[in-house]
$ cat run-v6.cif   # mmCIF, C-alpha atoms
data_my_file
#
loop_
_atom_site.label_atom_id
_atom_site.label_comp_id
_atom_site.auth_asym_id
_atom_site.auth_seq_id
_atom_site.Cartn_x
_atom_site.Cartn_y
_atom_site.Cartn_z
CA MET A 1 296.27 23.99 45.10
CA THR A 2 296.15 27.68 46.07
CA ILE A 3 297.62 30.59 44.13
CA GLY A 4 297.68 34.35 44.69
CA TYR A 5 295.43 36.30 42.37
CA TYR A 6 295.80 39.86 41.12
CA PRO A 7 292.64 41.03 39.29
CA GLY A 8 293.55 44.56 38.15
CA CYS A 9 291.14 47.46 37.74
CA THR A 10 289.28 46.58 34.56
CA LEU A 11 288.29 43.12 35.74
CA LYS A 12 286.25 44.56 38.59
CA THR A 13 284.07 46.62 36.27
CA LYS A 14 284.13 46.61 32.48
CA ALA A 15 285.71 43.17 32.16
CA ARG A 16 283.73 41.57 34.96
CA ASN A 17 282.95 38.80 32.44
CA LEU A 18 286.66 37.97 32.30
CA GLU A 19 287.02 37.69 36.07
CA ASP A 20 283.71 35.90 36.74
CA SER A 21 284.24 33.25 34.09
CA ALA A 22 287.90 32.77 34.99
CA LEU A 23 287.30 32.31 38.69
CA ALA A 24 284.38 29.96 38.10
CA CYS A 25 286.60 27.84 35.85
CA LEU A 26 289.44 27.71 38.37
CA LYS A 27 286.98 26.54 41.00
CA ALA A 28 285.70 23.84 38.68
CA LEU A 29 289.28 22.79 37.97
CA GLY A 30 290.14 22.56 41.64
CA ILE A 31 292.45 25.57 41.86
CA GLU A 32 291.86 28.10 44.59
CA ALA A 33 292.66 31.67 43.57
CA GLU A 34 293.19 33.87 46.57
CA GLU A 35 292.74 37.53 45.71
CA LEU A 36 295.36 39.77 47.27
CA PRO A 37 293.87 41.38 50.39
CA ARG A 38 295.10 44.77 49.16
CA TRP A 39 296.15 45.74 45.68
CA ASN A 40 296.44 48.82 43.50
CA CYS A 41 296.45 49.58 39.79
CA CYS A 42 299.67 48.24 38.26
CA GLY A 43 299.95 51.25 35.95
CA ALA A 44 298.89 49.27 32.85
CA VAL A 45 302.19 49.90 31.04
CA PHE A 46 305.73 49.21 32.15
CA SER A 47 307.84 52.31 32.35
CA LEU A 48 310.53 52.15 29.66
CA ALA A 49 312.79 55.05 30.58
CA ASP A 50 315.90 54.26 32.58
CA ASP A 51 315.47 57.27 34.81
CA ASP A 52 311.78 56.74 35.58
CA LEU A 53 311.67 54.64 38.72
CA ILE A 54 308.59 56.13 40.32
CA HIS A 55 306.25 54.33 37.94
CA HIS A 56 307.66 50.97 39.04
CA VAL A 57 306.40 51.58 42.55
CA ALA A 58 302.80 50.58 41.77
CA PRO A 59 303.49 47.11 40.29
CA VAL A 60 306.26 46.36 42.79
CA ARG A 61 303.92 47.23 45.66
CA ASP A 62 301.46 44.66 44.33
CA LEU A 63 304.22 42.07 44.20
CA ILE A 64 305.16 42.90 47.79
CA ARG A 65 301.52 42.37 48.78
CA ALA A 66 301.67 38.93 47.19
CA LYS A 67 304.86 38.10 49.08
CA ASP A 68 303.37 39.39 52.32
CA ALA A 69 300.30 37.21 51.80
CA GLY A 70 302.64 34.22 51.63
CA HIS A 71 302.31 33.49 47.93
CA ASP A 72 305.20 32.26 45.83
CA ARG A 73 303.11 32.58 42.69
CA LEU A 74 300.71 35.27 41.53
CA THR A 75 298.31 34.77 38.65
CA THR A 76 296.70 37.46 36.51
CA LEU A 77 294.29 37.47 33.59
CA CYS A 78 294.55 40.89 31.98
CA SER A 79 297.45 40.75 29.53
CA MET A 80 298.52 44.29 30.32
CA CYS A 81 298.64 43.61 34.05
CA TYR A 82 300.57 40.43 33.36
CA ASN A 83 303.16 42.29 31.31
CA THR A 84 303.57 45.15 33.76
CA LEU A 85 303.85 42.92 36.82
CA ALA A 86 306.15 40.41 35.12
CA ARG A 87 308.50 43.13 33.85
CA ALA A 88 308.58 44.90 37.22
CA ASN A 89 309.33 41.55 38.82
CA LEU A 90 312.20 40.93 36.43
CA LEU A 91 313.59 44.38 37.14
CA MET A 92 313.58 43.65 40.88
CA ARG A 93 315.38 40.38 40.25
CA GLU A 94 318.01 41.59 37.85
CA ASP A 95 318.79 45.24 38.51
CA GLU A 96 320.49 45.52 41.85
CA GLU A 97 320.78 49.29 41.84
CA LYS A 98 317.14 49.93 40.99
CA ARG A 99 316.03 47.24 43.42
CA LYS A 100 317.89 49.02 46.22
CA THR A 101 316.43 52.41 45.33
CA LEU A 102 312.87 51.09 45.07
CA ASN A 103 313.11 49.15 48.32
CA MET A 104 314.53 52.20 50.02
CA PHE A 105 311.75 54.38 48.63
CA MET A 106 309.13 52.00 49.99
CA ASP A 107 310.83 51.66 53.34
CA GLU A 108 307.56 51.01 55.12
CA GLU A 109 307.16 47.82 53.06
CA THR A 110 308.83 44.42 53.12
CA ASP A 111 312.02 44.34 51.03
CA TYR A 112 311.43 42.68 47.69
CA ALA A 113 313.80 40.96 45.28
CA GLY A 114 311.47 39.19 42.85
CA GLU A 115 310.62 36.24 45.07
CA VAL A 116 307.11 35.87 43.65
CA GLU A 117 306.55 34.24 40.24
CA VAL A 118 304.05 36.05 38.00
CA VAL A 119 302.05 33.49 36.04
CA HIS A 120 299.47 34.25 33.38
CA TYR A 121 296.26 32.23 33.67
CA LEU A 122 296.84 30.51 30.31
CA ASP A 123 300.22 29.37 31.52
CA LEU A 124 298.66 28.23 34.77
CA LEU A 125 296.23 26.05 32.81
CA ARG A 126 299.10 24.56 30.83
CA THR A 127 301.32 23.79 33.80
CA GLU A 128 298.78 22.89 36.50
CA ILE A 129 296.03 21.16 34.55
CA GLY A 130 297.79 20.34 31.28
CA TRP A 131 296.05 20.09 27.93
CA ASP A 132 295.28 16.38 28.32
CA GLY A 133 293.98 17.01 31.81
CA LEU A 134 291.80 19.82 30.55
CA ARG A 135 290.46 17.69 27.70
CA GLN A 136 289.25 15.15 30.25
CA LYS A 137 287.33 17.82 32.16
CA VAL A 138 285.48 19.12 29.11
CA LYS A 139 281.75 18.39 29.24
CA LYS A 140 280.64 20.37 26.24
CA PRO A 141 283.33 20.49 23.56
CA LEU A 142 283.12 23.45 21.19
CA GLU A 143 282.88 21.08 18.25
CA GLY A 144 282.86 22.62 14.82
CA LEU A 145 283.29 26.17 16.08
CA ARG A 146 286.09 27.86 14.16
CA VAL A 147 287.93 29.78 16.84
CA ALA A 148 291.25 31.59 16.80
CA GLY A 149 293.18 32.84 19.78
CA TYR A 150 294.31 36.44 19.69
CA TYR A 151 297.47 36.98 21.72
CA GLY A 152 297.90 40.64 20.99
CA CYS A 153 301.16 42.10 22.26
CA THR A 154 301.68 41.92 25.95
CA LEU A 155 301.55 38.15 26.44
CA LEU A 156 304.37 37.74 23.94
CA ARG A 157 306.52 40.84 23.92
CA PRO A 158 309.13 41.65 25.02
CA SER A 159 310.59 38.15 24.92
CA GLU A 160 311.94 38.22 28.48
CA VAL A 161 308.39 38.04 29.85
CA ALA A 162 306.74 36.22 26.93
CA ILE A 163 304.60 33.28 27.96
CA GLU A 164 305.90 31.60 24.78
CA ALA A 165 308.28 32.19 21.87
CA PRO A 166 307.04 35.61 20.61
CA GLU A 167 306.97 34.76 16.92
CA THR A 168 305.82 31.14 17.10
CA PRO A 169 303.30 30.73 19.89
CA THR A 170 301.06 27.66 20.08
CA LEU A 171 299.54 28.05 23.53
CA PHE A 172 296.20 29.45 22.41
CA ASN A 173 295.86 26.76 19.73
CA ASP A 174 296.65 24.05 22.28
CA PHE A 175 294.10 25.49 24.67
CA LEU A 176 291.39 25.78 22.01
CA ALA A 177 292.06 22.25 20.78
CA ALA A 178 291.76 20.97 24.35
CA ILE A 179 288.29 22.49 24.72
CA GLY A 180 287.24 20.87 21.46
CA ALA A 181 287.13 23.90 19.16
CA GLU A 182 288.15 23.77 15.53
CA VAL A 183 291.45 25.61 15.69
CA VAL A 184 292.15 27.96 12.80
CA GLU A 185 295.62 29.23 11.95
CA PHE A 186 295.58 32.97 12.38
CA PRO A 187 298.75 34.87 11.46
CA GLU A 188 297.28 38.14 12.75
CA SER A 189 296.98 36.64 16.24
CA THR A 190 300.14 38.49 17.30
CA VAL A 191 299.51 41.71 15.38
CA CYS A 192 298.76 44.71 17.61
CA CYS A 193 295.14 45.95 17.72
CA SER A 194 296.40 49.52 18.50
CA SER A 195 296.05 49.18 22.26
CA TYR A 196 295.67 52.53 24.08
CA GLN A 197 296.03 54.45 20.82
CA VAL A 198 292.24 54.28 20.59
CA LEU A 199 292.35 57.10 23.15
CA SER A 200 294.02 59.66 20.92
CA ALA A 201 294.48 58.42 17.36
CA GLU A 202 291.14 56.86 16.60
CA ASN A 203 291.54 56.53 12.83
CA ALA A 204 294.95 54.88 13.01
CA ALA A 205 293.69 52.72 15.84
CA LEU A 206 290.64 51.50 13.92
CA GLU A 207 292.90 50.82 10.92
CA ALA A 208 295.15 48.59 13.04
CA SER A 209 292.12 46.74 14.41
CA ALA A 210 290.77 46.39 10.88
CA LYS A 211 293.92 44.60 9.79
CA VAL A 212 293.42 41.98 12.49
CA LEU A 213 289.70 41.60 11.80
CA LYS A 214 290.19 41.36 8.05
CA GLY A 215 292.62 38.50 8.64
CA ALA A 216 290.00 36.77 10.74
CA THR A 217 287.32 37.35 8.11
CA VAL A 218 289.43 35.92 5.28
CA ARG A 219 290.09 32.79 7.33
CA LYS A 220 286.38 32.37 8.08
CA ILE A 221 287.00 32.57 11.78
CA GLU A 222 283.73 32.48 13.70
CA ALA A 223 285.00 33.60 17.07
CA LEU A 224 288.05 35.30 18.51
CA ALA A 225 289.34 34.52 21.99
CA THR A 226 291.47 37.01 23.88
CA SER A 227 292.72 37.64 27.38
CA CYS A 228 293.09 41.42 27.24
CA PRO A 229 290.28 43.89 28.01
CA VAL A 230 291.86 46.48 25.71
CA CYS A 231 292.02 44.00 22.79
CA GLU A 232 288.44 42.99 23.56
CA TYR A 233 287.39 46.62 23.40
CA ASN A 234 289.21 47.38 20.16
CA LEU A 235 288.24 44.20 18.35
CA GLY A 236 284.86 43.56 19.95
CA ARG A 237 283.12 46.66 21.25
CA ARG A 238 284.52 48.87 18.47
CA GLN A 239 284.06 46.26 15.74
CA GLY A 240 280.97 48.04 14.39
CA ASP A 241 282.99 51.23 13.94
CA VAL A 242 285.76 49.30 12.21
CA ARG A 243 283.26 47.62 9.90
CA ALA A 244 281.64 50.95 9.02
CA LYS A 245 284.98 52.39 8.00
CA PHE A 246 286.81 49.50 6.34
CA GLU A 247 285.75 46.99 3.74
CA GLY A 248 286.29 43.29 4.13
CA VAL A 249 285.57 43.11 7.84
CA GLY A 250 282.91 40.55 8.69
CA GLU A 251 281.05 40.16 11.96
CA ILE A 252 283.29 38.17 14.27
CA PRO A 253 282.07 37.61 17.82
CA THR A 254 284.75 38.10 20.45
CA PHE A 255 285.14 36.36 23.78
CA TYR A 256 287.48 36.18 26.69
CA PHE A 257 289.12 32.76 26.47
CA THR A 258 287.82 31.99 29.94
CA GLN A 259 284.24 32.40 28.73
CA LEU A 260 284.80 29.69 26.14
CA LEU A 261 286.46 27.57 28.80
CA ALA A 262 283.41 28.01 31.04
CA VAL A 263 281.15 26.86 28.17
CA ALA A 264 283.31 23.79 27.60
CA LEU A 265 283.34 22.95 31.30
CA GLY A 266 279.54 23.09 31.29
CA LEU A 267 279.34 25.91 33.82
CA PRO A 268 276.08 27.80 34.33
CA LEU A 269 275.27 30.67 31.98
CA GLU A 270 275.55 33.31 34.72
CA ASP A 271 279.26 32.50 35.08
CA LEU A 272 279.86 33.68 31.51
CA GLY A 273 278.76 37.28 31.97
CA LEU A 274 277.77 37.50 28.31
CA ASN A 275 275.78 40.68 28.95
CA LEU A 276 279.12 42.53 28.81
CA ASN A 277 279.99 41.12 25.38
CA GLU A 278 278.54 42.34 22.13
CA LYS A 279 275.20 40.68 21.31
CA ALA A 280 276.73 38.61 18.50
CA SER A 281 278.79 36.64 21.00
CA GLU A 282 275.79 35.28 22.87
CA GLU A 283 273.89 34.70 19.63
CA LEU A 284 276.72 32.60 18.24
CA LEU A 285 276.81 30.33 21.28
CA ARG A 286 273.02 29.94 21.20
CA SER A 287 272.94 29.16 17.50
CA ARG A 288 275.47 26.36 18.08
CA ASN A 289 273.54 25.00 21.04
CA LEU A 290 276.53 25.64 23.27
CA ILE A 291 274.32 27.51 25.71
CA ALA A 292 270.61 26.98 26.29
CA ALA A 293 268.18 28.78 23.98
CA ALA A 294 266.64 31.93 25.45
CA MET B 1 315.58 68.42 1.97
CA ALA B 2 319.18 69.30 2.75
CA ILE B 3 320.21 68.39 6.24
CA LYS B 4 323.08 69.83 8.15
CA VAL B 5 325.10 67.29 10.03
CA SER B 6 327.70 68.36 12.50
CA VAL B 7 329.69 66.84 15.32
CA LYS B 8 328.00 69.36 17.56
CA THR B 9 324.52 67.95 16.97
CA VAL B 10 325.56 64.30 16.63
CA ARG B 11 327.15 64.49 20.06
CA GLY B 12 324.77 67.17 21.28
CA PRO B 13 322.96 67.11 24.62
CA LEU B 14 319.62 66.02 23.18
CA ALA B 15 321.15 63.02 21.39
CA GLN B 16 322.92 62.12 24.64
CA LYS B 17 319.68 62.52 26.57
CA VAL B 18 317.90 60.05 24.29
CA LYS B 19 320.73 57.55 24.77
CA GLU B 20 320.76 57.99 28.53
CA MET B 21 317.03 57.76 29.03
CA SER B 22 316.60 54.78 26.76
CA GLY B 23 319.84 52.99 27.54
CA GLU B 24 319.95 52.22 23.82
CA ASP B 25 322.35 53.26 21.05
CA PRO B 26 320.62 54.30 17.80
CA ASN B 27 324.02 54.05 16.06
CA LEU B 28 323.69 50.27 16.11
CA CYS B 29 320.86 50.51 13.56
CA PHE B 30 321.87 49.44 10.03
CA GLN B 31 318.65 50.66 8.41
CA CYS B 32 317.08 47.36 7.40
CA GLY B 33 313.60 48.78 8.00
CA LEU B 34 312.14 45.66 9.60
CA CYS B 35 310.88 47.86 12.44
CA ALA B 36 308.89 50.12 10.16
CA GLY B 37 307.66 47.14 8.14
CA SER B 38 306.37 45.52 11.32
CA CYS B 39 304.81 48.62 12.87
CA PRO B 40 301.00 48.43 13.14
CA MET B 41 300.63 52.18 13.63
CA THR B 42 302.30 53.63 10.54
CA GLY B 43 298.94 54.77 9.14
CA GLU B 44 299.27 58.34 10.36
CA MET B 45 303.01 58.63 10.93
CA GLU B 46 304.89 61.28 8.97
CA ILE B 47 308.13 59.41 9.50
CA PHE B 48 308.61 55.75 10.34
CA THR B 49 310.85 54.10 12.90
CA ARG B 50 313.69 53.39 10.48
CA LYS B 51 313.95 57.05 9.58
CA VAL B 52 313.71 58.06 13.22
CA MET B 53 316.75 55.90 13.97
CA HIS B 54 318.61 57.39 11.03
CA MET B 55 317.79 60.94 12.07
CA LEU B 56 319.00 60.18 15.59
CA GLN B 57 322.25 58.87 14.12
CA LEU B 58 322.61 62.16 12.27
CA GLY B 59 322.01 64.15 15.44
CA LEU B 60 318.57 65.39 14.44
CA ALA B 61 316.91 64.59 17.76
CA ASP B 62 315.45 68.10 17.99
CA THR B 63 313.54 67.53 14.73
CA VAL B 64 312.49 64.00 15.69
CA ILE B 65 310.84 65.10 18.95
CA THR B 66 308.55 67.45 17.05
CA GLN B 67 307.06 64.57 15.03
CA ARG B 68 303.85 62.74 15.97
CA MET B 69 305.57 59.40 15.44
CA ALA B 70 306.45 58.82 19.11
CA TYR B 71 302.84 59.49 20.11
CA LEU B 72 301.45 57.07 17.58
CA CYS B 73 303.51 54.19 18.96
CA ALA B 74 301.33 51.62 20.74
CA SER B 75 304.29 50.09 22.61
CA CYS B 76 303.47 46.75 21.00
CA HIS B 77 307.18 45.84 20.96
CA THR B 78 306.98 44.10 17.58
CA CYS B 79 309.95 46.16 16.37
CA GLN B 80 311.87 45.25 19.49
CA VAL B 81 311.53 41.47 19.08
CA ARG B 82 312.36 41.70 15.39
CA CYS B 83 315.30 44.13 15.37
CA PRO B 84 318.32 42.18 14.08
CA ARG B 85 320.60 44.63 15.91
CA GLY B 86 318.88 44.05 19.21
CA ILE B 87 317.87 47.65 19.73
CA ASP B 88 315.03 48.10 22.19
CA ILE B 89 313.29 50.61 19.93
CA PRO B 90 310.24 51.22 22.18
CA LYS B 91 312.69 52.52 24.80
CA VAL B 92 314.09 55.03 22.31
CA VAL B 93 310.56 56.10 21.40
CA GLU B 94 309.62 56.44 25.08
CA ALA B 95 312.61 58.73 25.59
CA LEU B 96 311.48 60.90 22.66
CA ARG B 97 308.01 61.18 24.18
CA LEU B 98 309.24 61.92 27.67
CA ILE B 99 311.58 64.71 26.60
CA THR B 100 308.57 66.73 25.46
CA LEU B 101 306.19 65.57 28.18
CA ARG B 102 308.65 66.44 30.92
CA ALA B 103 308.93 69.93 29.49
CA GLY B 104 305.31 70.28 30.55
CA GLU B 105 303.63 69.76 27.20
CA ASN B 106 300.90 67.17 27.45
CA TYR B 107 300.09 65.46 24.17
CA LEU B 108 296.57 64.61 25.22
CA ALA B 109 294.45 66.64 27.59
CA PRO B 110 292.41 64.20 29.71
CA GLU B 111 289.35 66.44 29.29
CA ALA B 112 289.64 66.06 25.52
CA ILE B 113 288.61 62.40 25.69
CA PRO B 114 284.90 62.23 24.78
CA LYS B 115 282.86 61.41 27.89
CA ASP B 116 280.80 58.70 26.25
CA ARG B 117 283.97 56.95 25.11
CA LEU B 118 285.51 57.29 28.53
CA LYS B 119 282.50 55.54 30.01
CA GLU B 120 282.86 52.48 27.81
CA MET B 121 286.64 52.21 27.51
CA PRO B 122 288.46 49.73 29.71
CA GLN B 123 290.43 51.41 32.49
CA ALA B 124 293.58 49.70 31.26
CA ALA B 125 293.38 51.68 27.99
CA VAL B 126 292.75 54.98 29.75
CA VAL B 127 295.51 54.50 32.31
CA ALA B 128 297.98 53.33 29.66
CA GLY B 129 297.12 56.17 27.30
CA LEU B 130 297.40 58.86 29.95
CA ARG B 131 300.70 57.37 31.08
CA LYS B 132 302.03 57.68 27.53
CA PHE B 133 300.49 61.02 26.57
CA THR B 134 300.79 63.16 29.69
CA GLY B 135 303.77 64.29 31.74
#
$ encode --input "run-v6.cif" --output "structure tokens"
Amino acid sequence: MTIGYYPGCTLKTKARNLEDSALACLKALGIEAEELPRWNCCGAVFSLADDDLIHHVAPVRDLIRAKDAGHDRLTTLCSMCYNTLARANLLMREDEEKRKTLNMFMDEETDYAGEVEVVHYLDLLRTEIGWDGLRQKVKKPLEGLRVAGYYGCTLLRPSEVAIEAPETPTLFNDFLAAIGAEVVEFPESTVCCSSYQVLSAENAALEASAKVLKGATVRKIEALATSCPVCEYNLGRRQGDVRAKFEGVGEIPTFYFTQLLAVALGLPLEDLGLNLNEKASEELLRSRNLIAAA
Amino acid sequence: MAIKVSVKTVRGPLAQKVKEMSGEDPNLCFQCGLCAGSCPMTGEMEIFTRKVMHMLQLGLADTVITQRMAYLCASCHTCQVRCPRGIDIPKVVEALRLITLRAGENYLAPEAIPKDRLKEMPQAAVVAGLRKFTG
């Protein structure tokens, strides 16, 4: 099976570990992801003002590229890209007036009316492989590792593009159970980590991240799995800063969910790209004999 | 603090602008406060979402746009999925931000972001932040 693939900017550089592990897993699972021949930044956030059409041009252009490449489905990994593309797609499907204006503005492009389906990778795993199917492909189950999925915001909100019911998601738990991890209930899994606020309101941003990490600490979670490079940055890379500022935050290694999937599928270490994670992430996997000792 | 409420401000151009840009009606809000209770970014806000909605109902949009609140929003949409009145609050907040940004006042100067941070931050955060904080 072949599906169109939109990587987004961060996955080509700072979240290379997300892309490398994800693509290696798809290959192992027999799904061919075909990267769009041309793509541009989606804009990272969906424009919310009714009179701001120009910012929809970027994500819609990407969707047109997918249509032009002959894809009826387009998969993404970064949660922010997913949200922006899915909302722009919905707009093109449902708002006739804005669709007309945008198509007219991009008159050098193919007309677009939301023909492509935007599918997040987690959803792709659920629908194409299925949790039972995935369980059968696992070579190295993450037995005894207390992992929680962290959805963050953009996979679940707003509800019209949510990959699951926004207040009662189970997808991450189902995924983690399928790869053999010990799934831990984690109420903070849908609480915002502060997202882009880390750019301008550092204290408030670290406080929001601290709330999530404290929840994980209390529940003795050993690893957090996410699909968003911004969440990974706030909760992983900046975790030391959070810990220095707030009490009750333990050391919790963070991963992209695809890295844990790659471990479970028994893929080679180089597919994980652990050099881009904090050191604690690799150490945890080594200490549990989930990857070979150094 | 005494506030002056008049038909002139309640139906004033700024209040109308917020409604038009957001496509939302702050008058639907019945002040339950679930939005503010759910907001992850209240730490440094002078006023919370519930009060913002109330002030908009009272026609105090000109005061609301001077607050940092709109710039502390992370667009997480938790308030939006929880609002029992179905108000898309992030759209209202975006309108408040844009009114100032479109007047040419950037909230964040790109050169003010520390270079070492810029190097390590994911592009998605930088692009999103600059989209929200600059005109």
$ atom_distance --input "run-v6.cif" --atom1 "CA of Thr226 (chain A)" --atom2 "CA of Val92 (chain B)"
29.0 Å
$ resolve_selection --input "run-v6.cif" --expression "the PyMOL selection byres ((chain A) within 8 of (chain B))" --output "PyMOL selection string"
chain A and resi 9-10+14-15+43-45+48-51+80+153-154+157-159+166+191-201+204-205+207-208+229-230+233
$ resolve_selection --input "run-v6.cif" --expression "the PyMOL selection byres ((chain A and resi 112) around 10)" --output "PyMOL selection string"
chain A and resi 60-61+63-65+67-68+89+92-93+99-100+102-103+106+109-111+113-116
$ resolve_selection --input "run-v6.cif" --expression "the PyMOL selection byres ((chain B and resi 49-51) around 8)" --output "list in words"
Gln31, Cys32, Gly33, Leu34, Cys35, Ala36, Ile47, Phe48, Val52, Met53, His54, Met55 and Met69 of chain B
$ closest_residue --input "run-v6.cif" --among "A:Glu232, A:Asp72, A:Glu19, A:Glu97" --to "Tyr151 (chain A)" --atoms "all atoms listed in the file"
A:Glu232
$ atom_distance --input "run-v6.cif" --atom1 "CA of Leu77 (chain A)" --atom2 "CA of Asn173 (chain A)"
17.6 Å
$ residues_around --input "run-v6.cif" --residues "region 132-140 of chain A" --least-positions-apart "4" --cutoff "6 Å" --atoms "all atoms listed in the file" --output "PyMOL selection string"
chain A and resi 178+264-266
$ write_last_selection --input "run-v6.cif" --atoms "C-alpha atoms" --output "compact mmCIF listing (two decimals), in the frame of the given file"
# COMPACT_ATOMS: atom_id res chain seq x y z
CA ALA A 178 291.76 20.97 24.35
CA ALA A 264 283.31 23.79 27.60
CA LEU A 265 283.34 22.95 31.30
CA GLY A 266 279.54 23.09 31.29
$ atom_distance --input "run-v6.cif" --atom1 "CA of Arg126 (chain A)" --atom2 "CA of Ile163 (chain A)"
10.7 Å
$ residues_near_point --input "run-v6.cif" --point "(286.4, 26.8, 35.2)" --cutoff "12 Å" --atoms "only C-alpha atoms" --output "PyMOL selection string"
chain A and resi 18-33+121+125+129+134+137-139+179+257-268+271-272
$ closest_residue --input "run-v6.cif" --among "B:Ile99, B:Ile89, B:Cys83, B:Cys29" --to "Pro13 (chain B)" --atoms "all atoms listed in the file"
B:Ile99
